[in-house]
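Raw contents of protein36.cif, mmCIF, C-alpha atoms and all ligand atoms:
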data_input
#
loop_
_atom_site.label_atom_id
_atom_site.label_comp_id
_atom_site.auth_asym_id
_atom_site.auth_seq_id
_atom_site.Cartn_x
_atom_site.Cartn_y
_atom_site.Cartn_z
CA MET W 140 -23.91 139.08 43.81
CA ASN W 141 -20.54 138.82 42.17
CA THR W 142 -21.19 138.08 38.48
CA PHE W 143 -17.57 138.30 37.49
CA PRO W 144 -16.42 134.97 36.00
CA SER W 145 -13.32 133.36 37.47
CA GLN W 146 -10.23 133.08 35.25
CA THR W 147 -10.90 129.34 34.83
CA GLU W 148 -14.47 130.02 33.69
CA GLN W 149 -13.24 132.60 31.22
CA HIS W 150 -10.67 130.22 29.78
CA ALA W 151 -13.33 127.55 29.38
CA ALA W 152 -15.87 129.90 27.78
CA VAL W 153 -13.60 131.82 25.45
CA LYS W 154 -12.05 129.98 22.57
CA ARG W 155 -8.41 130.96 22.49
CA PRO W 156 -7.44 132.94 19.39
CA ALA W 157 -4.68 131.62 17.17
CA ALA W 158 -1.22 132.45 18.51
CA ARG W 159 -0.12 135.93 17.52
CA ALA W 160 3.37 136.78 16.39
CA SER W 161 5.52 139.20 18.36
CA LYS W 162 5.47 142.68 16.85
CA ILE W 163 7.97 144.19 19.28
CA ILE W 164 10.78 142.37 21.05
CA VAL W 165 12.84 144.14 23.69
CA ASP W 166 15.86 142.10 24.70
CA SER W 167 17.99 142.97 27.75
CA LEU W 168 17.67 146.67 26.98
CA SER W 169 19.70 149.03 29.14
CA LYS W 170 19.95 152.79 28.98
CA THR W 171 22.52 154.74 30.95
CA TYR W 172 22.64 158.53 30.94
CA THR W 173 25.84 160.37 31.69
CA THR W 174 25.14 163.35 33.90
CA LYS W 175 27.34 165.89 35.72
CA SER W 176 27.11 163.78 38.86
CA GLY W 177 28.06 160.54 37.13
CA SER W 178 26.20 157.89 35.20
CA PHE W 179 22.57 157.01 35.81
CA THR W 180 20.94 153.73 34.76
CA ALA W 181 17.40 154.56 33.63
CA LEU W 182 16.72 151.06 32.25
CA ASP W 183 18.47 147.95 33.44
CA GLN W 184 18.31 144.85 31.23
CA VAL W 185 14.63 145.15 30.43
CA SER W 186 13.08 142.40 28.33
CA ALA W 187 9.51 142.57 27.04
CA HIS W 188 7.39 141.82 24.01
CA ILE W 189 4.22 143.06 22.36
CA LEU W 190 2.16 140.74 20.19
CA GLU W 191 0.46 141.73 16.97
CA ASN W 192 -2.78 143.67 17.66
CA GLU W 193 -2.03 143.63 21.36
CA PHE W 194 -2.61 146.52 23.77
CA VAL W 195 0.19 146.62 26.32
CA THR W 196 0.65 149.25 29.01
CA LEU W 197 3.67 150.27 31.06
CA VAL W 198 2.88 151.43 34.57
CA GLY W 199 5.37 152.41 37.22
CA PRO W 200 6.48 155.20 39.53
CA SER W 201 7.78 158.45 38.13
CA GLY W 202 11.33 158.02 36.85
CA CYS W 203 11.22 154.22 36.37
CA GLY W 204 12.07 154.55 32.68
CA LYS W 205 8.70 154.20 30.96
CA SER W 206 9.25 157.14 28.61
CA THR W 207 12.85 156.12 28.06
CA MET W 208 11.70 152.70 26.88
CA LEU W 209 9.07 154.27 24.62
CA ARG W 210 11.62 156.70 23.18
CA VAL W 211 14.04 153.86 22.43
CA LEU W 212 11.23 152.01 20.64
CA ALA W 213 10.35 155.20 18.76
CA GLY W 214 14.01 155.43 17.71
CA LEU W 215 14.40 158.80 19.45
CA GLU W 216 17.00 157.44 21.90
CA GLU W 217 19.71 154.87 21.43
CA ALA W 218 19.96 151.94 23.83
CA SER W 219 23.25 151.63 25.75
CA SER W 220 23.10 147.84 25.41
CA GLY W 221 20.61 145.17 24.42
CA SER W 222 18.24 145.55 21.51
CA ALA W 223 14.72 146.37 20.40
CA SER W 224 13.11 145.19 17.19
CA ILE W 225 9.84 145.66 15.35
CA ALA W 226 8.58 142.80 13.16
CA GLY W 227 12.08 141.33 13.26
CA ARG W 228 13.84 144.55 12.18
CA ARG W 229 16.23 146.09 14.66
CA ILE W 230 15.20 149.60 15.70
CA THR W 231 17.99 152.05 14.96
CA GLY W 232 16.05 155.30 14.48
CA PRO W 233 12.61 156.78 13.92
CA GLY W 234 10.49 155.23 11.17
CA ALA W 235 7.06 155.46 9.55
CA ASP W 236 6.35 151.96 10.89
CA ARG W 237 5.81 153.52 14.36
CA GLY W 238 3.28 156.27 15.13
CA VAL W 239 3.96 158.25 18.30
CA VAL W 240 1.46 160.23 20.40
CA PHE W 241 2.74 162.25 23.36
CA GLN W 242 0.97 163.93 26.27
CA SER W 243 1.80 167.41 25.06
CA TYR W 244 0.02 168.49 21.93
CA THR W 245 2.44 168.21 19.06
CA LEU W 246 0.29 169.50 16.21
CA PHE W 247 1.66 172.05 13.76
CA PRO W 248 -0.23 175.25 14.69
CA TRP W 249 0.05 176.74 11.21
CA LEU W 250 -1.62 173.73 9.54
CA SER W 251 -5.33 172.94 9.49
CA VAL W 252 -6.60 169.74 11.10
CA ARG W 253 -6.71 168.04 7.70
CA ASP W 254 -3.21 169.21 6.77
CA ASN W 255 -1.89 168.01 10.13
CA ILE W 256 -3.34 164.57 9.43
CA GLU W 257 -1.95 164.54 5.90
CA PHE W 258 1.49 165.83 6.91
CA GLY W 259 3.35 162.50 6.86
CA LEU W 260 1.67 161.48 3.61
CA GLU W 261 2.70 164.73 1.96
CA LEU W 262 6.29 164.15 3.08
CA LYS W 263 6.14 160.74 1.40
CA GLY W 264 4.85 162.35 -1.80
CA THR W 265 1.40 160.72 -1.66
CA PRO W 266 -0.83 162.30 -4.36
CA LYS W 267 -3.45 164.82 -3.17
CA LEU W 268 -6.48 162.68 -3.99
CA GLN W 269 -5.15 159.73 -2.07
CA ARG W 270 -4.25 162.02 0.85
CA LEU W 271 -7.80 163.32 0.92
CA GLU W 272 -9.19 159.79 1.05
CA VAL W 273 -6.95 158.93 3.98
CA SER W 274 -7.64 162.15 5.91
CA ASP W 275 -11.40 161.75 5.32
CA LYS W 276 -11.24 158.24 6.74
CA TYR W 277 -9.35 159.24 9.89
CA LEU W 278 -11.29 162.48 10.42
CA GLU W 279 -14.40 160.33 10.54
CA LEU W 280 -12.81 157.70 12.76
CA VAL W 281 -11.93 160.32 15.40
CA GLY W 282 -15.19 162.25 14.94
CA LEU W 283 -13.69 165.46 13.59
CA THR W 284 -15.04 165.61 10.04
CA LYS W 285 -16.66 168.97 10.73
CA PHE W 286 -13.37 170.39 11.97
CA ALA W 287 -11.24 169.48 8.95
CA ASP W 288 -10.51 173.13 8.18
CA ALA W 289 -10.09 174.32 11.76
CA TYR W 290 -6.67 175.17 13.22
CA PRO W 291 -5.24 173.62 16.40
CA LYS W 292 -5.77 176.80 18.47
CA GLN W 293 -9.52 176.46 17.80
CA LEU W 294 -9.62 172.96 19.31
CA SER W 295 -10.03 171.66 22.87
CA GLY W 296 -7.35 169.42 24.39
CA GLY W 297 -9.35 166.28 23.66
CA MET W 298 -9.86 167.31 20.04
CA LYS W 299 -6.14 168.01 19.64
CA GLN W 300 -5.35 164.51 20.87
CA ARG W 301 -7.90 163.11 18.41
CA VAL W 302 -6.02 164.87 15.63
CA ALA W 303 -2.69 163.57 16.96
CA ILE W 304 -4.07 160.01 16.90
CA ALA W 305 -5.51 160.48 13.39
CA ARG W 306 -2.19 161.90 12.20
CA ALA W 307 -0.29 158.94 13.63
CA LEU W 308 -2.72 156.43 12.05
CA ALA W 309 -2.75 158.15 8.65
CA ASN W 310 0.79 156.91 8.00
CA SER W 311 -0.39 153.28 8.40
CA PRO W 312 2.13 152.52 11.14
CA GLU W 313 2.65 148.95 12.30
CA MET W 314 2.12 150.14 15.84
CA LEU W 315 1.26 153.13 18.03
CA LEU W 316 3.49 154.28 20.87
CA MET W 317 1.46 156.45 23.27
CA ASP W 318 3.12 158.28 26.17
CA GLU W 319 0.44 159.42 28.66
CA PRO W 320 -1.68 160.77 25.80
CA PHE W 321 -4.70 161.53 27.99
CA ALA W 322 -2.94 162.82 31.11
CA ALA W 323 -3.73 166.48 30.45
CA LEU W 324 -7.44 165.94 29.79
CA ASP W 325 -10.36 166.39 32.18
CA ALA W 326 -12.02 163.24 33.55
CA GLN W 327 -14.98 163.14 31.15
CA THR W 328 -12.87 163.84 28.04
CA ARG W 329 -10.35 161.26 29.21
CA SER W 330 -13.06 158.65 29.58
CA ASP W 331 -14.41 159.49 26.09
CA MET W 332 -10.89 159.20 24.66
CA GLN W 333 -10.43 155.78 26.26
CA GLU W 334 -13.61 154.57 24.54
CA LEU W 335 -12.46 156.10 21.26
CA LEU W 336 -9.07 154.40 21.51
CA MET W 337 -10.71 151.04 22.18
CA ASN W 338 -12.90 151.46 19.10
CA ILE W 339 -9.91 152.47 17.02
CA GLN W 340 -7.94 149.47 18.20
CA LYS W 341 -10.76 147.13 17.20
CA HIS W 342 -11.39 148.89 13.89
CA GLU W 343 -7.73 149.20 12.87
CA HIS W 344 -6.40 146.04 14.59
CA ALA W 345 -3.76 148.34 16.03
CA THR W 346 -0.82 147.19 18.11
CA ILE W 347 -0.40 149.68 20.93
CA LEU W 348 2.16 150.40 23.64
CA PHE W 349 0.65 152.82 26.13
CA ILE W 350 1.98 154.60 29.21
CA THR W 351 -0.22 155.82 32.03
CA HIS W 352 -0.15 156.59 35.74
CA ASP W 353 -3.87 155.89 35.96
CA ILE W 354 -4.42 152.27 37.04
CA ASP W 355 -8.14 152.28 36.13
CA GLU W 356 -7.21 153.45 32.65
CA ALA W 357 -4.51 150.77 32.39
CA ILE W 358 -6.92 147.98 33.39
CA PHE W 359 -9.68 149.28 31.12
CA LEU W 360 -7.48 149.50 28.03
CA SER W 361 -4.87 146.78 28.29
CA GLU W 362 -4.56 143.13 27.52
CA ARG W 363 -1.32 143.06 29.46
CA LEU W 364 0.55 145.36 31.81
CA TYR W 365 4.21 145.57 32.61
CA VAL W 366 4.70 146.97 36.09
CA MET W 367 8.04 148.73 36.47
CA LYS W 368 10.15 149.95 39.37
CA SER W 369 12.79 152.65 39.48
CA ARG W 370 16.46 152.98 40.40
CA PRO W 371 17.27 151.18 38.26
CA GLY W 372 14.28 150.93 35.90
CA ARG W 373 13.19 147.31 35.66
CA ILE W 374 10.08 145.29 34.96
CA VAL W 375 8.91 143.67 38.19
CA ARG W 376 5.70 141.99 37.05
CA GLU W 377 3.74 141.13 33.95
CA ILE W 378 -0.01 141.07 34.52
CA GLU W 379 -2.59 139.74 32.10
CA ILE W 380 -5.91 141.57 32.37
CA PRO W 381 -8.85 139.14 32.30
CA ALA W 382 -10.83 139.73 29.11
CA ALA W 383 -14.10 140.24 30.99
CA MET W 384 -12.60 142.98 33.16
CA ARG W 385 -11.14 144.89 30.25
CA GLN W 386 -13.26 147.53 28.53
CA ASN W 387 -15.95 147.28 31.14
CA LYS W 388 -16.21 150.38 33.30
CA GLU W 389 -19.19 148.96 35.17
CA LEU W 390 -16.92 146.42 36.84
CA ARG W 391 -14.86 149.11 38.55
CA ASP W 392 -16.64 148.54 41.84
CA SER W 393 -16.44 144.76 41.62
CA GLU W 394 -14.28 142.83 44.08
CA PRO W 395 -11.96 141.30 41.40
CA PHE W 396 -11.31 144.75 39.91
CA ILE W 397 -10.55 146.26 43.31
CA GLN W 398 -8.28 143.32 44.13
CA LEU W 399 -6.36 143.63 40.87
CA LYS W 400 -6.00 147.37 41.35
CA ARG W 401 -4.75 146.84 44.89
CA GLU W 402 -2.21 144.28 43.63
CA ILE W 403 -0.86 146.80 41.12
CA VAL W 404 -0.80 149.68 43.61
CA ASP W 405 1.06 147.48 46.12
CA LEU W 406 3.65 146.65 43.46
CA LEU W 407 4.06 150.34 42.65
CA HIS W 408 4.62 151.17 46.31
CA ALA W 409 6.85 148.21 47.09
N1 LIG W 501 18.30 162.90 28.82
C1 LIG W 501 18.43 162.49 30.08
N2 LIG W 501 19.57 162.72 30.79
C2 LIG W 501 19.70 162.29 32.05
N3 LIG W 501 18.76 161.59 32.71
C3 LIG W 501 17.61 161.35 32.08
C4 LIG W 501 17.38 161.77 30.72
N4 LIG W 501 16.13 161.36 30.36
C5 LIG W 501 15.62 160.70 31.40
N5 LIG W 501 16.51 160.71 32.44
C6 LIG W 501 16.29 160.07 33.73
O1 LIG W 501 15.98 158.71 33.54
C7 LIG W 501 14.99 158.30 34.47
C8 LIG W 501 13.82 157.71 33.71
O2 LIG W 501 13.12 158.78 33.05
P1 LIG W 501 11.77 158.55 32.28
O3 LIG W 501 11.32 159.85 31.76
O4 LIG W 501 11.94 157.45 31.32
O5 LIG W 501 10.83 158.05 33.47
P2 LIG W 501 9.26 157.81 33.47
O6 LIG W 501 9.02 156.51 34.14
O7 LIG W 501 8.70 157.99 32.12
O8 LIG W 501 8.78 159.00 34.42
P3 LIG W 501 7.40 159.84 34.43
O9 LIG W 501 6.34 158.86 34.83
O10 LIG W 501 7.63 160.88 35.48
O11 LIG W 501 7.20 160.39 33.07
C9 LIG W 501 14.63 159.51 35.31
O12 LIG W 501 15.32 159.46 36.53
C10 LIG W 501 15.10 160.68 34.47
O13 LIG W 501 15.49 161.76 35.28
#
Could you write out this structure as C-alpha cells?
Amino acid sequence: MNTFPSQTEQHAAVKRPAARASKIIVDSLSKTYTTKSGSFTALDQVSAHILENEFVTLVGPSGCGKSTMLRVLAGLEEASSGSASIAGRRITGPGADRGVVFQSYTLFPWLSVRDNIEFGLELKGTPKLQRLEVSDKYLELVGLTKFADAYPKQLSGGMKQRVAIARALANSPEMLLMDEPFAALDAQTRSDMQELLMNIQKHEHATILFITHDIDEAIFLSERLYVMKSRPGRIVREIEIPAAMRQNKELRDSEPFIQLKREIVDLLHA
C-alpha cells in the first residue's frame, strides 16, 4: 500500500511556517571565463534565492556551473555581470559570514583537530577560554570529542569532513556553502554524514547551499533543488521536495520517490 501522502494532504496537515526572509539572492548572475580558445560562459544570467534556515541543493551535469556559482557566493570568484548578496549585503569577497566545505579535505595537517576547529577564532583574536568553549561544543556536535588532540593524518575521510564542518560552524557563519562534501566517502560513511548534517541543520538552524551529483542525497537533504544545465550554465527547474519525502530513507522505494527521481534524471539528461 502506498502510504505516502499527496502534496494536497501534506499542505492540509502541515501548518505553514511563517514566511522566511531571503538569506541569499542571486540576480542575473553571469560568469564568463577567457580561455586560449576564446571566451566561455560558465553561468548565464542565473537567478536564485535561499531562504533563512533553508537547505537548497544544486544538481546538474558536470560543467554546468555549480561550483562556479558556489565560488561566486563564497567570494572566491567575481561575477562577470549580475549580483549576489547575503542578508542584503552585496558579496564582493570572502567573509566570515559564509562557511565553506569542499570535497577535498582542506584541514591544516600540522594542527590538531581542536586547533583546526579554532583556527578562524584564533585569527579573529577570540580569547583561549572562549575558543575552548566553542571547539568543545562543535567537537561534541560532530561526535569527535575523543579526537580533539588527534591530527588530520590519523583520521578517516568521514572524520576529516566532520572536522571541516565543525571548523566552518565554529565561526558562526550565516550560512554554509558545501561543494560535494561527501563525494569521496564510502556509501555507509556518506549515509552517516547525511544524517549528521540533517541533525546539525536542525540544531543550528543552518542555512545551507549544497552541491551533489547524487540524486538520492539531494532528495534526502533538501527542501528545494535547482536543476541546472550546461553550455551555458543555467537553472532549468526549481523543485520543492515534499516534506514527508525529505529525511526519510525508507521512502526510497516508494512510487512518489522513484517518480521524483526519474523527473530529475530526465531533466539532467535532457
Ligand atoms: N578558471 C576557469 N577557467 C576557465 N574555465 C573554467 C574555470 N573554472 C571553471 N571553468 C569552466 O566552467 C564550467 C563550469 O565549471 P564548474 O566547475 O562550475 O562546473 P560544475 O557544474 O561544478 O562541474 P562538476 O560537477 O564537474 O564539478 C566548466 O566547463 C569549466 O571547465
Six-sided padding of 3 Å per side, axis-aligned box over ligand LIG 501 (chain W), centre and edges in Å, one decimal, as JSON:
{"center_x": 13.0, "center_y": 159.7, "center_z": 32.7, "size_x": 19.4, "size_y": 12.4, "size_z": 13.7}
Find the distance between atom CA of Ala345 of chain W and atom CA of Gly202 of chain W and write it in Å to one decimal.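 One can read the atom CA of Ala345 of chain W to atom CA of Gly202 of chain W distance as 27.5 Å.
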Considering only C-alpha atoms and all ligand atoms, give me a table of residues in chain W that are at most 6 Å from ligand LIG 501 (chain W), with the closest atom pair and distance in Å for each, as CSV.
residue,atom,partner,partner_atom,distance
W:Tyr172,CA,W:LIG501,C2,4.9
W:Thr174,CA,W:LIG501,C2,5.8
W:Ala181,CA,W:LIG501,O1,4.4
W:Pro200,CA,W:LIG501,O9,6.0
W:Ser201,CA,W:LIG501,O10,3.6
W:Gly202,CA,W:LIG501,O5,3.4
W:Cys203,CA,W:LIG501,O6,3.9
W:Gly204,CA,W:LIG501,O4,3.2
W:Lys205,CA,W:LIG501,O6,3.9
W:Ser206,CA,W:LIG501,O7,3.7
W:Thr207,CA,W:LIG501,O4,3.6
Near segment 162-164 of chain W, counting all atoms listed in the file, which residues have an atom at most 7 Å away, once you skip same-chain residues fewer than 6 positions from it, shown as a list in words?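 The neighbour list is Ala187, His188, Ile189, Leu190, Glu191, Ala223, Ser224, Ile225 and Ala226 of chain W.
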So the first atom is atom CA of Leu308 of chain W and the second is atom CA of Glu389 of chain W; what is the distance between them in Å, to one decimal place?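 Spanning atom CA of Leu308 of chain W to atom CA of Glu389 of chain W is a straight-line distance of 29.4 Å.
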Min atom-atom distance to Phe359 of chain W from the set W:Arg376, W:Val195, W:Leu406, W:Gly232, counting only C-alpha atoms, belongs to W:Val195
Anything within 9 Å of (4.6, 162.5, 23.8): list those residues as an NGL selection string, counting all atoms listed in the file and sticking to the file's coordinates. :W and (206 or 239-245 or 316-320)
Atom CA of Gln293 of chain W to atom CA of Asp325 of chain W measures 17.6 Å
Nearest residue to Ile397 of chain W out of W:Ile354, W:Pro233, W:Asn310, W:Glu379, using all atoms listed in the file?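 Smallest distance to Ile397 of chain W is found for W:Ile354.
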Just checking: using all atoms listed in the file, which residue out of W:Glu362, W:Asp166, W:Glu356, W:Glu313 ends up closest to Ala213 of chain W?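 The answer is W:Glu313, which sits nearest to Ala213 of chain W.
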Counting only C-alpha atoms, the residue of W:Leu280, W:Leu294, W:Ile374, W:Ala158 that sits nearest Leu182 of chain W: W:Ile374
Using only C-alpha atoms, find the one residue out of W:Ala309, W:Val281, W:Val302, W:Ile380 that sits nearest to Lys263 of chain W.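 Selected residue with least distance to Lys263 of chain W: W:Ala309.
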Return the single residue from W:Thr231, W:Gln386, W:Ile403, W:Arg373 that is closest to Glu217 of chain W, with distances computed using only C-alpha atoms.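 Nearest candidate to Glu217 of chain W out of W:Thr231, W:Gln386, W:Ile403, W:Arg373: W:Thr231.
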Residues within 12 Å of Ala409 of chain W, all atoms listed in the file, excluding chain neighbours under 2 positions, as number ranges by chain: W: 199-200, 366-369, 375-376, 401-407
So that I can check the surroundings of Thr328 of chain W, please list as a list in words every protein, DNA and RNA residue that reaches within 8 Å of it, counting all atoms listed in the file and ignoring chain neighbours fewer than 4 positions away.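 My reading of the contact set: Gly297, Leu324 and Met332 of chain W.
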So that I can see what lies close to Arg237 of chain W, please list as a PyMOL selection string the residues with an atom at most 6 Å from it, counting all atoms listed in the file and leaving out residues fewer than 5 positions away in the same chain. chain W and resi 312-315
Writing out the chosen residues with C-alpha atoms as a JSON list (two decimals), in the frame of the given file:
[["chain", "number", "residue", "atom", "x", "y", "z"],
["W", 312, "PRO", "CA", 2.13, 152.52, 11.14],
["W", 313, "GLU", "CA", 2.65, 148.95, 12.30],
["W", 314, "MET", "CA", 2.12, 150.14, 15.84],
["W", 315, "LEU", "CA", 1.26, 153.13, 18.03]]
